[in-house]
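Coordinates from final35.pdb are shown below (PDB, C-alpha atoms, pLDDT in the B column).
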ATOM      1  CA  MET P   1     -83.275 -21.164  63.799  1.00 57.00           C
ATOM      2  CA  ALA P   2     -80.765 -18.425  64.605  1.00 59.00           C
ATOM      3  CA  ASN P   3     -79.052 -20.757  67.075  1.00 62.00           C
ATOM      4  CA  PHE P   4     -78.907 -23.530  64.507  1.00 60.00           C
ATOM      5  CA  ASN P   5     -77.307 -21.193  61.959  1.00 67.00           C
ATOM      6  CA  ARG P   6     -74.794 -19.913  64.498  1.00 64.00           C
ATOM      7  CA  ASP P   7     -73.878 -23.474  65.566  1.00 68.00           C
ATOM      8  CA  HIS P   8     -73.634 -24.569  61.977  1.00 64.00           C
ATOM      9  CA  LEU P   9     -71.418 -21.616  61.068  1.00 63.00           C
ATOM     10  CA  MET P  10     -69.236 -22.210  64.115  1.00 60.00           C
ATOM     11  CA  ARG P  11     -68.845 -25.906  63.241  1.00 64.00           C
ATOM     12  CA  THR P  12     -68.003 -25.093  59.632  1.00 65.00           C
ATOM     13  CA  PHE P  13     -65.502 -22.483  60.809  1.00 60.00           C
ATOM     14  CA  MET P  14     -63.881 -24.952  63.248  1.00 59.00           C
ATOM     15  CA  GLU P  15     -63.685 -27.666  60.583  1.00 64.00           C
ATOM     16  CA  LYS P  16     -62.140 -25.222  58.114  1.00 63.00           C
ATOM     17  CA  HIS P  17     -59.714 -24.061  60.795  1.00 60.00           C
ATOM     18  CA  LYS P  18     -58.766 -27.675  61.599  1.00 66.00           C
ATOM     19  CA  GLU P  19     -58.205 -28.418  57.895  1.00 70.00           C
ATOM     20  CA  THR P  20     -56.052 -25.320  57.409  1.00 74.00           C
ATOM     21  CA  ASP P  21     -54.101 -26.162  60.533  1.00 77.00           C
ATOM     22  CA  TYR P  22     -53.538 -29.722  59.323  1.00 77.00           C
ATOM     23  CA  GLU P  23     -52.470 -28.524  55.885  1.00 81.00           C
ATOM     24  CA  ALA P  24     -49.972 -26.143  57.478  1.00 81.00           C
ATOM     25  CA  ARG P  25     -48.421 -28.977  59.472  1.00 76.00           C
ATOM     26  CA  LEU P  26     -48.300 -31.238  56.425  1.00 77.00           C
ATOM     27  CA  GLU P  27     -46.710 -28.373  54.503  1.00 81.00           C
ATOM     28  CA  GLU P  28     -44.053 -28.093  57.211  1.00 77.00           C
ATOM     29  CA  LEU P  29     -43.300 -31.803  56.885  1.00 73.00           C
ATOM     30  CA  LEU P  30     -43.204 -31.638  53.112  1.00 76.00           C
ATOM     31  CA  LYS P  31     -40.699 -28.813  53.131  1.00 82.00           C
ATOM     32  CA  ASN P  32     -37.974 -31.434  53.345  1.00 81.00           C
ATOM     33  CA  LYS P  33     -39.686 -34.210  51.435  1.00 80.00           C
ATOM     34  CA  GLU P  34     -36.874 -34.761  48.905  1.00 82.00           C
ATOM     35  CA  LYS P  35     -34.246 -34.979  51.640  1.00 85.00           C
ATOM     36  CA  ILE P  36     -36.459 -37.231  53.752  1.00 85.00           C
ATOM     37  CA  TYR P  37     -37.099 -39.499  50.784  1.00 83.00           C
ATOM     38  CA  GLU P  38     -33.386 -39.766  49.988  1.00 85.00           C
ATOM     39  CA  ALA P  39     -32.630 -40.558  53.624  1.00 86.00           C
ATOM     40  CA  ILE P  40     -35.376 -43.202  53.866  1.00 84.00           C
ATOM     41  CA  LYS P  41     -34.607 -44.745  50.464  1.00 82.00           C
ATOM     42  CA  ASN P  42     -31.039 -45.454  51.518  1.00 81.00           C
ATOM     43  CA  SER P  43     -31.840 -46.335  55.107  1.00 82.00           C
ATOM     44  CA  PRO P  44     -30.968 -49.588  56.895  1.00 82.00           C
ATOM     45  CA  PHE P  45     -34.663 -49.711  57.874  1.00 78.00           C
ATOM     46  CA  LEU P  46     -35.842 -50.093  54.296  1.00 83.00           C
ATOM     47  CA  LYS P  47     -33.074 -52.529  53.442  1.00 85.00           C
ATOM     48  CA  ARG P  48     -34.005 -54.656  56.458  1.00 83.00           C
ATOM     49  CA  LYS P  49     -37.741 -54.582  55.682  1.00 82.00           C
ATOM     50  CA  ASN P  50     -37.129 -55.611  52.071  1.00 84.00           C
ATOM     51  CA  GLU P  51     -34.713 -58.356  53.009  1.00 86.00           C
ATOM     52  CA  GLU P  52     -37.202 -59.702  55.546  1.00 83.00           C
ATOM     53  CA  ALA P  53     -39.954 -59.700  52.925  1.00 84.00           C
ATOM     54  CA  ALA P  54     -37.671 -61.398  50.381  1.00 84.00           C
ATOM     55  CA  ALA P  55     -36.619 -64.048  52.887  1.00 84.00           C
ATOM     56  CA  SER P  56     -40.210 -64.672  53.981  1.00 83.00           C
ATOM     57  CA  LEU P  57     -41.503 -64.978  50.403  1.00 84.00           C
ATOM     58  CA  ALA P  58     -38.586 -67.179  49.364  1.00 83.00           C
ATOM     59  CA  LYS P  59     -39.555 -69.723  52.042  1.00 84.00           C
ATOM     60  CA  LEU P  60     -43.115 -70.117  50.774  1.00 83.00           C
ATOM     61  CA  PRO P  61     -43.956 -73.202  48.712  1.00 82.00           C
ATOM     62  CA  ARG P  62     -44.288 -72.623  44.976  1.00 77.00           C
ATOM     63  CA  PRO P  63     -46.229 -71.921  42.877  1.00 77.00           C
ATOM     64  CA  PHE P  64     -47.780 -68.939  44.605  1.00 78.00           C
ATOM     65  CA  PRO P  65     -51.594 -68.789  44.327  1.00 77.00           C
ATOM     66  CA  TRP P  66     -51.387 -65.785  41.971  1.00 74.00           C
ATOM     67  CA  GLU P  67     -48.890 -67.640  39.732  1.00 74.00           C
ATOM     68  CA  LYS P  68     -51.218 -70.652  39.647  1.00 73.00           C
ATOM     69  CA  GLU P  69     -54.102 -68.390  38.609  1.00 70.00           C
ATOM     70  CA  LYS P  70     -51.990 -66.800  35.887  1.00 67.00           C
ATOM     71  CA  SER P  71     -50.897 -70.147  34.430  1.00 68.00           C
ATOM     72  CA  GLU P  72     -54.491 -71.490  34.564  1.00 72.00           C
ATOM     73  CA  LYS P  73     -55.707 -68.392  32.727  1.00 67.00           C
ATOM     74  CA  SER P  74     -53.049 -68.755  30.028  1.00 65.00           C
ATOM     75  CA  VAL P  75     -54.027 -72.420  29.301  1.00 61.00           C
TER      76      VAL P  75
ATOM     77  CA  MET K   1     -63.237 -47.307  52.766  1.00 59.00           C
ATOM     78  CA  ASN K   2     -65.601 -45.028  54.645  1.00 53.00           C
ATOM     79  CA  LYS K   3     -63.360 -44.704  57.678  1.00 68.00           C
ATOM     80  CA  ASP K   4     -61.999 -41.657  59.366  1.00 86.00           C
ATOM     81  CA  ILE K   5     -58.600 -41.149  57.737  1.00 90.00           C
ATOM     82  CA  TYR K   6     -55.865 -38.506  57.584  1.00 91.00           C
ATOM     83  CA  PRO K   7     -55.329 -36.626  54.340  1.00 90.00           C
ATOM     84  CA  PHE K   8     -52.024 -37.779  52.884  1.00 90.00           C
ATOM     85  CA  TYR K   9     -49.533 -36.499  50.355  1.00 88.00           C
ATOM     86  CA  GLN K  10     -47.783 -38.624  47.736  1.00 87.00           C
ATOM     87  CA  ALA K  11     -44.252 -37.592  46.833  1.00 78.00           C
ATOM     88  CA  GLU K  12     -44.143 -37.065  43.091  1.00 64.00           C
ATOM     89  CA  ASP K  13     -43.063 -40.098  41.038  1.00 62.00           C
ATOM     90  CA  ASP K  14     -42.062 -41.920  44.188  1.00 65.00           C
ATOM     91  CA  PHE K  15     -43.824 -44.501  46.275  1.00 85.00           C
ATOM     92  CA  LEU K  16     -43.550 -42.369  49.355  1.00 89.00           C
ATOM     93  CA  TYR K  17     -46.553 -41.002  51.205  1.00 91.00           C
ATOM     94  CA  PHE K  18     -46.698 -38.572  54.115  1.00 90.00           C
ATOM     95  CA  PHE K  19     -49.317 -37.695  56.677  1.00 91.00           C
ATOM     96  CA  VAL K  20     -49.499 -36.232  60.156  1.00 91.00           C
ATOM     97  CA  SER K  21     -51.063 -38.075  63.076  1.00 92.00           C
ATOM     98  CA  SER K  22     -52.813 -35.606  65.385  1.00 88.00           C
ATOM     99  CA  GLY K  23     -53.632 -36.991  68.790  1.00 90.00           C
ATOM    100  CA  ILE K  24     -53.325 -36.666  72.522  1.00 92.00           C
ATOM    101  CA  LYS K  25     -49.543 -36.375  72.354  1.00 89.00           C
ATOM    102  CA  GLY K  26     -49.585 -33.796  69.579  1.00 88.00           C
ATOM    103  CA  ASP K  27     -48.469 -34.133  65.967  1.00 87.00           C
ATOM    104  CA  ILE K  28     -46.423 -37.065  64.768  1.00 90.00           C
ATOM    105  CA  GLN K  29     -45.076 -37.152  61.240  1.00 89.00           C
ATOM    106  CA  LYS K  30     -45.722 -40.479  59.512  1.00 91.00           C
ATOM    107  CA  ALA K  31     -44.544 -41.929  56.230  1.00 91.00           C
ATOM    108  CA  VAL K  32     -45.425 -44.965  54.170  1.00 92.00           C
ATOM    109  CA  VAL K  33     -42.815 -46.210  51.718  1.00 90.00           C
ATOM    110  CA  ILE K  34     -43.580 -48.841  49.091  1.00 91.00           C
ATOM    111  CA  SER K  35     -40.542 -50.414  47.463  1.00 87.00           C
ATOM    112  CA  ASP K  36     -39.868 -53.402  45.269  1.00 84.00           C
ATOM    113  CA  VAL K  37     -38.595 -56.494  47.023  1.00 83.00           C
ATOM    114  CA  PRO K  38     -34.965 -57.199  46.110  1.00 73.00           C
ATOM    115  CA  ASP K  39     -34.095 -59.740  43.430  1.00 60.00           C
ATOM    116  CA  SER K  40     -34.016 -63.329  44.459  1.00 48.00           C
ATOM    117  CA  SER K  41     -33.515 -66.487  42.449  1.00 47.00           C
ATOM    118  CA  ASN K  42     -36.306 -68.148  44.413  1.00 52.00           C
ATOM    119  CA  TYR K  43     -39.252 -66.185  43.155  1.00 56.00           C
ATOM    120  CA  PRO K  44     -40.126 -63.636  40.467  1.00 52.00           C
ATOM    121  CA  SER K  45     -39.756 -60.392  42.346  1.00 45.00           C
ATOM    122  CA  ASP K  46     -40.362 -57.895  39.573  1.00 52.00           C
ATOM    123  CA  SER K  47     -43.929 -57.216  40.656  1.00 80.00           C
ATOM    124  CA  VAL K  48     -43.692 -57.769  44.405  1.00 86.00           C
ATOM    125  CA  TYR K  49     -43.676 -54.637  46.546  1.00 90.00           C
ATOM    126  CA  ASN K  50     -43.198 -54.262  50.242  1.00 89.00           C
ATOM    127  CA  LEU K  51     -44.937 -51.691  52.417  1.00 90.00           C
ATOM    128  CA  GLY K  52     -42.955 -50.010  55.162  1.00 86.00           C
ATOM    129  CA  PHE K  53     -44.566 -47.615  57.586  1.00 87.00           C
ATOM    130  CA  GLY K  54     -43.363 -45.637  60.566  1.00 88.00           C
ATOM    131  CA  ASP K  55     -42.636 -42.312  62.217  1.00 89.00           C
ATOM    132  CA  VAL K  56     -40.386 -39.831  60.445  1.00 89.00           C
ATOM    133  CA  VAL K  57     -37.723 -39.066  63.020  1.00 87.00           C
ATOM    134  CA  ALA K  58     -35.014 -36.442  62.627  1.00 86.00           C
ATOM    135  CA  VAL K  59     -31.643 -37.829  63.645  1.00 85.00           C
ATOM    136  CA  SER K  60     -28.503 -35.693  63.489  1.00 84.00           C
ATOM    137  CA  SER K  61     -29.337 -33.612  60.391  1.00 80.00           C
ATOM    138  CA  SER K  62     -30.978 -36.538  58.607  1.00 84.00           C
ATOM    139  CA  TRP K  63     -34.185 -38.577  58.922  1.00 85.00           C
ATOM    140  CA  ILE K  64     -35.087 -42.142  59.596  1.00 84.00           C
ATOM    141  CA  LEU K  65     -38.318 -44.050  59.291  1.00 85.00           C
ATOM    142  CA  ASP K  66     -38.828 -45.715  62.645  1.00 82.00           C
ATOM    143  CA  ASP K  67     -41.370 -48.530  62.577  1.00 78.00           C
ATOM    144  CA  SER K  68     -40.843 -49.566  66.173  1.00 72.00           C
ATOM    145  CA  PRO K  69     -42.675 -47.001  68.298  1.00 63.00           C
ATOM    146  CA  ARG K  70     -46.065 -47.344  69.836  1.00 71.00           C
ATOM    147  CA  SER K  71     -46.800 -43.643  69.586  1.00 76.00           C
ATOM    148  CA  GLY K  72     -49.692 -43.762  72.061  1.00 85.00           C
ATOM    149  CA  ASN K  73     -51.282 -40.856  70.230  1.00 90.00           C
ATOM    150  CA  GLY K  74     -54.743 -42.328  70.706  1.00 91.00           C
ATOM    151  CA  ASP K  75     -55.497 -42.497  66.995  1.00 91.00           C
ATOM    152  CA  MET K  76     -54.133 -45.884  65.911  1.00 86.00           C
ATOM    153  CA  PRO K  77     -57.320 -47.003  64.073  1.00 85.00           C
ATOM    154  CA  LYS K  78     -57.264 -43.766  62.063  1.00 90.00           C
ATOM    155  CA  VAL K  79     -53.535 -44.145  61.317  1.00 90.00           C
ATOM    156  CA  ILE K  80     -53.946 -47.774  60.210  1.00 87.00           C
ATOM    157  CA  ALA K  81     -57.005 -46.909  58.091  1.00 87.00           C
ATOM    158  CA  THR K  82     -54.877 -44.216  56.396  1.00 92.00           C
ATOM    159  CA  VAL K  83     -52.076 -46.719  55.697  1.00 90.00           C
ATOM    160  CA  ALA K  84     -54.613 -49.221  54.334  1.00 87.00           C
ATOM    161  CA  LEU K  85     -56.108 -46.562  52.059  1.00 90.00           C
ATOM    162  CA  ILE K  86     -52.637 -45.632  50.781  1.00 93.00           C
ATOM    163  CA  ALA K  87     -51.977 -49.318  50.011  1.00 92.00           C
ATOM    164  CA  MET K  88     -55.248 -49.565  48.066  1.00 91.00           C
ATOM    165  CA  ASP K  89     -54.487 -46.351  46.165  1.00 91.00           C
ATOM    166  CA  PHE K  90     -51.065 -47.729  45.238  1.00 92.00           C
ATOM    167  CA  LEU K  91     -52.610 -50.957  43.901  1.00 93.00           C
ATOM    168  CA  ARG K  92     -55.182 -49.071  41.853  1.00 92.00           C
ATOM    169  CA  GLU K  93     -52.356 -47.068  40.290  1.00 90.00           C
ATOM    170  CA  HIS K  94     -50.161 -50.169  39.798  1.00 89.00           C
ATOM    171  CA  PRO K  95     -52.577 -52.999  39.013  1.00 88.00           C
ATOM    172  CA  TRP K  96     -49.752 -55.422  38.101  1.00 85.00           C
ATOM    173  CA  ALA K  97     -48.180 -55.149  41.559  1.00 88.00           C
ATOM    174  CA  LEU K  98     -48.458 -57.560  44.438  1.00 89.00           C
ATOM    175  CA  LEU K  99     -48.198 -55.809  47.772  1.00 91.00           C
ATOM    176  CA  SER K 100     -46.791 -57.482  50.857  1.00 90.00           C
ATOM    177  CA  LEU K 101     -47.635 -56.195  54.345  1.00 88.00           C
ATOM    178  CA  GLU K 102     -46.156 -57.242  57.623  1.00 82.00           C
ATOM    179  CA  GLY K 103     -46.363 -55.194  60.788  1.00 70.00           C
ATOM    180  CA  TYR K 104     -43.431 -54.580  63.092  1.00 62.00           C
ATOM    181  CA  VAL K 105     -43.137 -57.166  65.862  1.00 59.00           C
ATOM    182  CA  ASP K 106     -42.168 -55.302  69.025  1.00 59.00           C
ATOM    183  CA  GLU K 107     -41.231 -56.833  72.375  1.00 61.00           C
ATOM    184  CA  LYS K 108     -44.827 -56.964  73.613  1.00 61.00           C
ATOM    185  CA  SER K 109     -46.014 -58.578  70.362  1.00 57.00           C
ATOM    186  CA  ALA K 110     -43.194 -61.131  70.482  1.00 56.00           C
ATOM    187  CA  LEU K 111     -43.971 -62.019  74.098  1.00 62.00           C
ATOM    188  CA  GLN K 112     -47.641 -62.529  73.304  1.00 62.00           C
ATOM    189  CA  GLY K 113     -46.905 -64.319  70.034  1.00 61.00           C
ATOM    190  CA  LYS K 114     -49.062 -61.757  68.233  1.00 65.00           C
ATOM    191  CA  ASN K 115     -48.223 -59.114  65.674  1.00 68.00           C
ATOM    192  CA  HIS K 116     -50.292 -56.205  66.942  1.00 72.00           C
ATOM    193  CA  ARG K 117     -49.819 -54.047  63.882  1.00 72.00           C
ATOM    194  CA  ASN K 118     -50.932 -56.922  61.636  1.00 80.00           C
ATOM    195  CA  ILE K 119     -53.978 -57.309  63.848  1.00 82.00           C
ATOM    196  CA  LEU K 120     -54.807 -53.656  63.207  1.00 80.00           C
ATOM    197  CA  TYR K 121     -54.153 -53.966  59.452  1.00 83.00           C
ATOM    198  CA  GLN K 122     -56.447 -56.965  59.414  1.00 88.00           C
ATOM    199  CA  ARG K 123     -59.081 -55.164  61.441  1.00 85.00           C
ATOM    200  CA  ALA K 124     -59.084 -52.440  58.769  1.00 84.00           C
ATOM    201  CA  ILE K 125     -59.350 -55.088  56.021  1.00 89.00           C
ATOM    202  CA  ASP K 126     -61.950 -57.235  57.798  1.00 90.00           C
ATOM    203  CA  SER K 127     -64.235 -54.340  58.656  1.00 87.00           C
ATOM    204  CA  ASN K 128     -64.268 -53.267  55.002  1.00 86.00           C
ATOM    205  CA  TRP K 129     -64.190 -56.759  53.523  1.00 92.00           C
ATOM    206  CA  ALA K 130     -67.426 -56.516  51.502  1.00 92.00           C
ATOM    207  CA  GLU K 131     -66.124 -53.484  49.647  1.00 89.00           C
ATOM    208  CA  LEU K 132     -62.417 -54.412  49.407  1.00 91.00           C
ATOM    209  CA  SER K 133     -62.888 -58.008  48.285  1.00 93.00           C
ATOM    210  CA  THR K 134     -64.767 -56.922  45.162  1.00 94.00           C
ATOM    211  CA  GLU K 135     -61.774 -54.883  43.999  1.00 94.00           C
ATOM    212  CA  PHE K 136     -58.758 -56.683  45.492  1.00 94.00           C
ATOM    213  CA  ARG K 137     -57.582 -60.229  46.081  1.00 93.00           C
ATOM    214  CA  PHE K 138     -56.046 -61.046  49.450  1.00 94.00           C
ATOM    215  CA  TRP K 139     -53.897 -63.919  50.665  1.00 93.00           C
ATOM    216  CA  GLY K 140     -52.642 -64.625  54.141  1.00 93.00           C
ATOM    217  CA  VAL K 141     -49.314 -66.200  55.076  1.00 91.00           C
ATOM    218  CA  LYS K 142     -49.292 -68.244  58.255  1.00 89.00           C
ATOM    219  CA  SER K 143     -46.630 -70.712  59.415  1.00 86.00           C
ATOM    220  CA  GLY K 144     -44.986 -70.749  55.984  1.00 86.00           C
ATOM    221  CA  LYS K 145     -48.201 -71.412  54.064  1.00 89.00           C
ATOM    222  CA  THR K 146     -50.137 -69.120  51.756  1.00 90.00           C
ATOM    223  CA  GLU K 147     -53.914 -69.348  51.698  1.00 91.00           C
ATOM    224  CA  ASP K 148     -56.843 -67.329  50.421  1.00 93.00           C
ATOM    225  CA  TYR K 149     -57.502 -64.656  53.011  1.00 95.00           C
ATOM    226  CA  ILE K 150     -60.172 -65.628  55.503  1.00 95.00           C
ATOM    227  CA  VAL K 151     -61.772 -62.858  57.544  1.00 95.00           C
ATOM    228  CA  GLY K 152     -61.049 -63.399  61.226  1.00 92.00           C
ATOM    229  CA  ASN K 153     -57.934 -65.539  60.718  1.00 91.00           C
ATOM    230  CA  GLN K 154     -54.660 -64.117  62.001  1.00 89.00           C
ATOM    231  CA  TYR K 155     -51.744 -63.966  59.542  1.00 90.00           C
ATOM    232  CA  ASP K 156     -47.994 -63.267  59.727  1.00 87.00           C
ATOM    233  CA  ARG K 157     -48.009 -61.514  56.365  1.00 89.00           C
ATOM    234  CA  ILE K 158     -50.755 -60.237  54.107  1.00 91.00           C
ATOM    235  CA  LEU K 159     -50.479 -60.239  50.326  1.00 92.00           C
ATOM    236  CA  VAL K 160     -52.827 -58.277  48.131  1.00 92.00           C
ATOM    237  CA  ASN K 161     -53.259 -57.424  44.468  1.00 90.00           C
ATOM    238  CA  PHE K 162     -55.763 -55.735  42.217  1.00 90.00           C
ATOM    239  CA  LYS K 163     -58.318 -58.111  40.646  1.00 88.00           C
TER     240      LYS K 163
END

Could you quickly redo this structure as structure tokens?
Amino acid sequence: MANFNRDHLMRTFMEKHKETDYEARLEELLKNKEKIYEAIKNSPFLKRKNEEAAASLAKLPRPFPWEKEKSEKSV
Amino acid sequence: MNKDIYPFYQAEDDFLYFFVSSGIKGDIQKAVVISDVPDSSNYPSDSVYNLGFGDVVAVSSSWILDDSPRSGNGDMPKVIATVALIAMDFLREHPWALLSLEGYVDEKSALQGKNHRNILYQRAIDSNWAELSTEFRFWGVKSGKTEDYIVGNQYDRILVNFK
């Protein structure tokens, strides 16, 4: 019983420690979140991803399935 | 989704999410950015959003989101499950939105004619299909055609919205 309690306490402690550790690292990352967001928002990466998505969607035959569903619902 | 996932942080009022991948190579900062697809005369884009995901990399006093690396951190299923959960959270918060997902095609993927990140996205979707399909509607895009998502089929792009 004593062993079980000790193991349980140790596990809980380790999990808590892991969580705190993770939070600290996330905190470190979030220190610059506004700057990171600004940099990403205006990045060539995002522009490229969005252009690729636009080009890919533009090639698909119309109407899209979700448009068809909408127009069927509205009839 | 009852998978092992990383806790993530959503930047206030923005569609930007952060988390840290902790694996055999240490900590890698990750971000998911969801942005509306630019205007086009070919389709109504006002409700179509694109999901971008990658490593946050500091480059000469700024940052970039790099979607190309295979981090090799040994936790890819957990990372992908986190991205999938973020996507689902976004759709719950924005039920009018249609979300488009396409993984990065690296050299290895191109050589094999497979999009490995899509395969992982789909693995996350397929293994939680019973639960996800009650709440969300999925379509798959393959060879320029859109079809209702079929578990096990491989797609170039995945489209999803809230039912």

* To do: Identify all residues satisfying the PyMOL selection byres ((chain K) within 6 of (chain P)) in the given file; provide them as a PyMOL selection string.
  => chain K and resi 37+42+63-64+144

* Asked: What is the atom CA of K:Leu16 to atom CA of K:Val59 distance in Å?
  ->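 Taking atom CA of K:Leu16 and atom CA of K:Val59, their separation equals 19.1 Å.
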
* **Of the listed residues K:Asp4, K:Arg157, K:Thr82, K:Asp36, that which approaches K:Phe18 most closely, counting all atoms listed in the file** => K:Thr82

* Asked: Using all atoms listed in the file, which of the listed residues (K:Val20, K:Ile158, K:Val79, K:Ile5) sits closest to P:Asp21?
  ->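 Selected residue with least distance to P:Asp21: K:Val20.
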
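Note that the spacing between atom CA of K:Met76 and atom CA of K:Tyr6 amounts to 11.3 Å.
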
* Could you tell me which residues the PyMOL selection byres ((chain K and resi 74) around 8) grabs in this file, written as a PyMOL selection string? => chain K and resi 23-24+72-73+75-76

* Nearest to K:Gly152 by atom-to-atom distance, counting only C-alpha atoms, from K:Arg137, K:His94, K:Arg123, K:Asn128 -> K:Arg123

* Target residues per the PyMOL selection byres ((chain K and resi 47) around 12), formatted as a ChimeraX atom specification -> /P:66-67 /K:34-39,43-46,48-50,91,94-100,160-161

* Asked: In Å to one decimal, how far is atom CA of K:Leu120 from atom CA of K:Val57?
  ->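 Those two atoms sit 22.5 Å apart.
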
* Residue with smallest distance to K:Lys25 - pool K:Ser71, K:Phe90, K:Ser133, K:Leu51, counting all atoms listed in the file -> K:Ser71

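Close to (-56.8, -64.5, 50.9), meaning no more than 10 Å away when counting all atoms listed in the file, sit the residues Pro65 of chain P; Ser133, Phe136, Arg137, Phe138, Trp139, Gly140, Val141, Thr146, Glu147, Asp148, Tyr149, Ile150, Val151, Asn153, Ile158, Leu159 and Val160 of chain K.
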
Please rebuild stretch 26-48 of chain P with N, CA and C atoms and return the result as a PDB file, in the frame of the given file.
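The resulting file, result-v8.pdb, is shown below:
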ATOM      1  N   LEU P  26     -48.739 -30.346  57.506  1.00 77.00           N
ATOM      2  CA  LEU P  26     -48.300 -31.238  56.425  1.00 77.00           C
ATOM      3  C   LEU P  26     -47.291 -30.499  55.543  1.00 77.00           C
ATOM      4  N   GLU P  27     -47.593 -29.234  55.306  1.00 81.00           N
ATOM      5  CA  GLU P  27     -46.710 -28.373  54.503  1.00 81.00           C
ATOM      6  C   GLU P  27     -45.316 -28.312  55.137  1.00 81.00           C
ATOM      7  N   GLU P  28     -45.305 -28.174  56.456  1.00 77.00           N
ATOM      8  CA  GLU P  28     -44.053 -28.093  57.211  1.00 77.00           C
ATOM      9  C   GLU P  28     -43.237 -29.383  57.008  1.00 77.00           C
ATOM     10  N   LEU P  29     -43.947 -30.504  57.074  1.00 73.00           N
ATOM     11  CA  LEU P  29     -43.300 -31.803  56.885  1.00 73.00           C
ATOM     12  C   LEU P  29     -42.770 -31.943  55.462  1.00 73.00           C
ATOM     13  N   LEU P  30     -43.565 -31.440  54.517  1.00 76.00           N
ATOM     14  CA  LEU P  30     -43.204 -31.638  53.112  1.00 76.00           C
ATOM     15  C   LEU P  30     -42.098 -30.705  52.631  1.00 76.00           C
ATOM     16  N   LYS P  31     -41.779 -29.752  53.462  1.00 82.00           N
ATOM     17  CA  LYS P  31     -40.699 -28.813  53.131  1.00 82.00           C
ATOM     18  C   LYS P  31     -39.415 -29.583  52.806  1.00 82.00           C
ATOM     19  N   ASN P  32     -39.209 -30.667  53.514  1.00 81.00           N
ATOM     20  CA  ASN P  32     -37.974 -31.434  53.345  1.00 81.00           C
ATOM     21  C   ASN P  32     -38.198 -32.783  52.673  1.00 81.00           C
ATOM     22  N   LYS P  33     -39.307 -32.884  51.918  1.00 80.00           N
ATOM     23  CA  LYS P  33     -39.686 -34.210  51.435  1.00 80.00           C
ATOM     24  C   LYS P  33     -38.604 -34.898  50.594  1.00 80.00           C
ATOM     25  N   GLU P  34     -37.911 -34.133  49.753  1.00 82.00           N
ATOM     26  CA  GLU P  34     -36.874 -34.761  48.905  1.00 82.00           C
ATOM     27  C   GLU P  34     -35.750 -35.334  49.771  1.00 82.00           C
ATOM     28  N   LYS P  35     -35.333 -34.538  50.748  1.00 85.00           N
ATOM     29  CA  LYS P  35     -34.246 -34.979  51.640  1.00 85.00           C
ATOM     30  C   LYS P  35     -34.694 -36.181  52.464  1.00 85.00           C
ATOM     31  N   ILE P  36     -35.936 -36.123  52.942  1.00 85.00           N
ATOM     32  CA  ILE P  36     -36.459 -37.231  53.752  1.00 85.00           C
ATOM     33  C   ILE P  36     -36.512 -38.493  52.897  1.00 85.00           C
ATOM     34  N   TYR P  37     -36.994 -38.328  51.670  1.00 83.00           N
ATOM     35  CA  TYR P  37     -37.099 -39.499  50.784  1.00 83.00           C
ATOM     36  C   TYR P  37     -35.726 -40.113  50.533  1.00 83.00           C
ATOM     37  N   GLU P  38     -34.753 -39.264  50.233  1.00 85.00           N
ATOM     38  CA  GLU P  38     -33.386 -39.766  49.988  1.00 85.00           C
ATOM     39  C   GLU P  38     -32.869 -40.524  51.211  1.00 85.00           C
ATOM     40  N   ALA P  39     -33.114 -39.938  52.385  1.00 86.00           N
ATOM     41  CA  ALA P  39     -32.630 -40.558  53.624  1.00 86.00           C
ATOM     42  C   ALA P  39     -33.312 -41.909  53.858  1.00 86.00           C
ATOM     43  N   ILE P  40     -34.628 -41.958  53.623  1.00 84.00           N
ATOM     44  CA  ILE P  40     -35.376 -43.202  53.866  1.00 84.00           C
ATOM     45  C   ILE P  40     -35.020 -44.265  52.830  1.00 84.00           C
ATOM     46  N   LYS P  41     -34.895 -43.805  51.574  1.00 82.00           N
ATOM     47  CA  LYS P  41     -34.607 -44.745  50.464  1.00 82.00           C
ATOM     48  C   LYS P  41     -33.306 -45.500  50.711  1.00 82.00           C
ATOM     49  N   ASN P  42     -32.352 -44.831  51.294  1.00 81.00           N
ATOM     50  CA  ASN P  42     -31.039 -45.454  51.518  1.00 81.00           C
ATOM     51  C   ASN P  42     -30.863 -45.921  52.971  1.00 81.00           C
ATOM     52  N   SER P  43     -31.972 -46.039  53.681  1.00 82.00           N
ATOM     53  CA  SER P  43     -31.840 -46.335  55.107  1.00 82.00           C
ATOM     54  C   SER P  43     -31.714 -47.835  55.383  1.00 82.00           C
ATOM     55  N   PRO P  44     -31.035 -48.182  56.483  1.00 82.00           N
ATOM     56  CA  PRO P  44     -30.968 -49.588  56.895  1.00 82.00           C
ATOM     57  C   PRO P  44     -32.362 -50.152  57.161  1.00 82.00           C
ATOM     58  N   PHE P  45     -33.285 -49.279  57.598  1.00 78.00           N
ATOM     59  CA  PHE P  45     -34.663 -49.711  57.874  1.00 78.00           C
ATOM     60  C   PHE P  45     -35.288 -50.349  56.640  1.00 78.00           C
ATOM     61  N   LEU P  46     -35.198 -49.622  55.515  1.00 83.00           N
ATOM     62  CA  LEU P  46     -35.842 -50.093  54.296  1.00 83.00           C
ATOM     63  C   LEU P  46     -35.168 -51.364  53.777  1.00 83.00           C
ATOM     64  N   LYS P  47     -33.842 -51.361  53.874  1.00 85.00           N
ATOM     65  CA  LYS P  47     -33.074 -52.529  53.442  1.00 85.00           C
ATOM     66  C   LYS P  47     -33.521 -53.754  54.260  1.00 85.00           C
ATOM     67  N   ARG P  48     -33.618 -53.552  55.575  1.00 83.00           N
ATOM     68  CA  ARG P  48     -34.005 -54.656  56.458  1.00 83.00           C
ATOM     69  C   ARG P  48     -35.419 -55.141  56.139  1.00 83.00           C
TER      70      ARG P  48
END
